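Structure below is final-v3.pdb: PDB, C-alpha atoms.
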```pdb
MODEL        1
ATOM      1  CA  VAL A 216       0.000   0.000   0.000
ATOM      2  CA  THR A 217       1.157   3.512  -0.776
ATOM      3  CA  ALA A 218      -0.241   6.340   1.339
ATOM      4  CA  ILE A 219      -0.641   9.723  -0.343
ATOM      5  CA  THR A 220      -1.080  12.771   1.876
ATOM      6  CA  LEU A 221      -3.758  15.134   0.601
ATOM      7  CA  PRO A 222      -3.770  18.923   0.745
ATOM      8  CA  GLU A 223      -5.940  20.138   3.642
ATOM      9  CA  GLN A 224      -8.614  21.620   1.358
ATOM     10  CA  VAL A 225      -9.248  18.321  -0.470
ATOM     11  CA  ASP A 226     -12.256  16.302   0.678
ATOM     12  CA  ASP A 227     -10.906  12.752   0.683
ATOM     13  CA  GLN A 228     -14.352  11.141   0.421
ATOM     14  CA  ARG A 229     -15.260  13.226  -2.600
ATOM     15  CA  LEU A 230     -11.893  12.511  -4.240
ATOM     16  CA  ARG A 231     -12.150   8.782  -3.585
ATOM     17  CA  GLY A 232     -15.748   8.756  -4.819
ATOM     18  CA  LEU A 233     -14.752  10.368  -8.104
ATOM     19  CA  MET A 234     -11.871   7.954  -8.557
ATOM     20  CA  ASP A 235     -14.186   4.994  -8.003
ATOM     21  CA  ASP A 236     -17.406   6.136  -9.686
ATOM     22  CA  ARG A 237     -16.000   7.979 -12.695
ATOM     23  CA  TYR A 238     -12.760   6.087 -13.333
ATOM     24  CA  GLY A 239     -13.310   2.652 -11.785
ATOM     25  CA  LEU A 240     -10.340   2.831  -9.405
ATOM     26  CA  HIS A 241     -11.113   2.121  -5.760
ATOM     27  CA  VAL A 242      -8.718   3.570  -3.182
ATOM     28  CA  SER A 243      -9.066   3.628   0.590
ATOM     29  CA  GLY A 244      -9.007   6.526   2.995
ATOM     30  CA  GLY A 245      -6.781   7.059   5.980
ATOM     31  CA  LEU A 246      -7.480   5.310   9.264
ATOM     32  CA  GLY A 247      -7.496   6.613  12.807
ATOM     33  CA  GLU A 248      -5.615   9.889  13.126
ATOM     34  CA  GLN A 249      -5.024   9.956   9.361
ATOM     35  CA  ALA A 250      -8.726   9.755   8.483
ATOM     36  CA  GLY A 251      -9.519  12.485   5.959
ATOM     37  CA  GLN A 252      -5.830  13.325   5.491
ATOM     38  CA  LEU A 253      -4.652  10.723   2.999
ATOM     39  CA  ILE A 254      -5.643   8.055   0.536
ATOM     40  CA  ARG A 255      -4.211   4.561   0.370
ATOM     41  CA  VAL A 256      -3.512   2.887  -2.973
ATOM     42  CA  GLY A 257      -3.111  -0.882  -2.932
ATOM     43  CA  HIS A 258      -0.662  -2.552  -5.280
ATOM     44  CA  MET A 259      -0.362  -6.237  -4.500
ATOM     45  CA  GLY A 260      -0.909  -9.262  -6.704
ATOM     46  CA  TYR A 261      -2.689  -8.333  -9.929
ATOM     47  CA  THR A 262      -2.291  -4.613  -9.246
ATOM     48  CA  ALA A 263       1.488  -4.844  -8.739
ATOM     49  CA  SER A 264       2.527  -3.742 -12.216
ATOM     50  CA  ALA A 265       3.994  -0.631 -13.767
ATOM     51  CA  GLN A 266       0.852  -0.263 -15.878
ATOM     52  CA  LYS A 267      -1.388  -0.209 -12.789
ATOM     53  CA  VAL A 268       0.851   2.360 -11.062
ATOM     54  CA  MET A 269       0.670   4.635 -14.098
ATOM     55  CA  THR A 270      -3.083   4.178 -14.320
ATOM     56  CA  ALA A 271      -3.523   5.049 -10.634
ATOM     57  CA  LEU A 272      -1.451   8.225 -11.018
ATOM     58  CA  SER A 273      -3.404   9.272 -14.096
ATOM     59  CA  VAL A 274      -6.740   8.658 -12.374
ATOM     60  CA  LEU A 275      -5.612  10.607  -9.309
ATOM     61  CA  ALA A 276      -4.614  13.560 -11.503
ATOM     62  CA  ALA A 277      -7.909  13.417 -13.423
ATOM     63  CA  ALA A 278      -9.938  13.342 -10.202
ATOM     64  CA  PHE A 279      -8.009  16.330  -8.823
ATOM     65  CA  ALA A 280      -8.743  18.184 -12.076
ATOM     66  CA  ASP A 281     -12.433  17.244 -11.771
ATOM     67  CA  LEU A 282     -12.412  18.898  -8.337
ATOM     68  CA  GLY A 283     -10.939  22.078  -9.842
ATOM     69  CA  TYR A 284      -7.299  21.691  -8.826
ATOM     70  CA  ALA A 285      -4.572  22.384 -11.383
ATOM     71  CA  VAL A 286      -2.472  19.247 -11.708
ATOM     72  CA  ASP A 287       0.511  18.419 -13.901
ATOM     73  CA  ALA A 288      -0.223  14.735 -14.462
ATOM     74  CA  SER A 289       2.880  14.267 -16.583
ATOM     75  CA  ALA A 290       5.191  15.166 -13.672
ATOM     76  CA  GLY A 291       3.894  12.314 -11.516
ATOM     77  CA  VAL A 292       3.944   9.824 -14.358
ATOM     78  CA  GLN A 293       7.504  10.822 -15.302
ATOM     79  CA  ALA A 294       8.706  10.527 -11.686
ATOM     80  CA  ALA A 295       7.107   7.092 -11.314
ATOM     81  CA  ASN A 296       8.547   5.962 -14.631
ATOM     82  CA  SER A 297      12.041   6.976 -13.496
ATOM     83  CA  GLU A 298      11.639   4.971 -10.268
ATOM     84  CA  LEU A 299      10.206   1.943 -12.068
ATOM     85  CA  ARG A 300      13.174   1.703 -14.404
TER      86      ARG A 300
ENDMDL
END
```

Please lay out the structure from this file as structure tokens.
Amino acid sequence: VTAITLPEQVDDQRLRGLMDDRYGLHVSGGLGEQAGQLIRVGHMGYTASAQKVMTALSVLAAAFADLGYAVDASAGVQAANSELR
């Protein structure tokens, strides 16, 4: 699991709902003290591939854009690609 800290102004439930409903990617929210502060992206088994990582990053960027936040999706994809090499 990778935890991604969200900016304070982002509603994690709304973000996660968009990712699931509009793009078909289910991610979990934070637990306990981190509830509402982060999302958790699973990547085990079938989802443990470079393609799935890139898809998750693209969906996250699209959902942020849907919420009105300016996002440079290519920066995240390029950084992940560098790490995956």

Note to self: One decimal, in Å: what's the spacing between CA of Gly251 (chain A) and CA of Ala294 (chain A)?
What the structure shows: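 Between these atoms lies a distance of 25.4 Å.
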
Margin query: Let me make sure I understand: among A:Leu299, A:Asp235, A:Ala263, A:Ser273, which one has the smallest atom-to-atom distance to Asp287 (chain A) if we use all atoms listed in the file?
Written below: A:Ser273

Notebook entry, point to check: Between CA of Val216 (chain A) and CA of His258 (chain A), what is the spacing in Å?
Noted result: 5.9 Å

Note to self: Expand the PyMOL selection byres ((chain A and resi 231) around 9) into the explicit residue set it covers here, and present it as a VMD selection string.
What the structure shows: chain A and resid 226 to 230 232 to 236 240 to 244 254 275 278

Test item: residues at most 12 Å from Val292 (chain A), all atoms listed in the file, excluding those fewer than 2 positions along its chain, as a JSON list (two decimals) with C-alpha atoms, in the coordinates of the input:
```json
[["chain", "number", "residue", "atom", "x", "y", "z"],
["A", 265, "ALA", "CA", 3.99, -0.63, -13.77],
["A", 266, "GLN", "CA", 0.85, -0.26, -15.88],
["A", 267, "LYS", "CA", -1.39, -0.21, -12.79],
["A", 268, "VAL", "CA", 0.85, 2.36, -11.06],
["A", 269, "MET", "CA", 0.67, 4.64, -14.10],
["A", 270, "THR", "CA", -3.08, 4.18, -14.32],
["A", 271, "ALA", "CA", -3.52, 5.05, -10.63],
["A", 272, "LEU", "CA", -1.45, 8.22, -11.02],
["A", 273, "SER", "CA", -3.40, 9.27, -14.10],
["A", 274, "VAL", "CA", -6.74, 8.66, -12.37],
["A", 275, "LEU", "CA", -5.61, 10.61, -9.31],
["A", 276, "ALA", "CA", -4.61, 13.56, -11.50],
["A", 286, "VAL", "CA", -2.47, 19.25, -11.71],
["A", 287, "ASP", "CA", 0.51, 18.42, -13.90],
["A", 288, "ALA", "CA", -0.22, 14.74, -14.46],
["A", 289, "SER", "CA", 2.88, 14.27, -16.58],
["A", 290, "ALA", "CA", 5.19, 15.17, -13.67],
["A", 294, "ALA", "CA", 8.71, 10.53, -11.69],
["A", 295, "ALA", "CA", 7.11, 7.09, -11.31],
["A", 296, "ASN", "CA", 8.55, 5.96, -14.63],
["A", 297, "SER", "CA", 12.04, 6.98, -13.50],
["A", 298, "GLU", "CA", 11.64, 4.97, -10.27],
["A", 299, "LEU", "CA", 10.21, 1.94, -12.07]]
```

Extending 8 Å beyond the listed atoms of region 238-251 of chain A on each side, what axis-aligned box results? I want centre and edge lengths in Å to one decimal, as lines of an AutoDock Vina configuration file.
```
center_x = -9.2
center_y = 7.3
center_z = -0.1
size_x = 24.3
size_y = 26.4
size_z = 42.5
```

Check: Separation of CA of Phe279 (chain A) and CA of Ala218 (chain A), in Å?
Finding: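 Distance reported for this atom pair: 16.2 Å.
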
Checklist line | Residue nearest Gly245 (chain A) among A:Thr217, A:Gln293, A:Thr262, A:Gln224 (counting all atoms listed in the file) | finding: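 Using all atoms listed in the file, the shortest distance to Gly245 (chain A) belongs to A:Thr217.
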
Next item on the list: Could you tell me which residues the PyMOL selection byres ((chain A and resi 221) around 6) returns for this structure, as JSON, numbers by chain?
Entry: {"A": [220, 222, 252, 253]}

Next item on the list: Compare A:Gly260, A:Val225, A:Arg237, A:Leu246 by their minimum atom-to-atom distance to Leu282 (chain A), counting all atoms listed in the file, and give me the closest one.
Entry: A:Val225
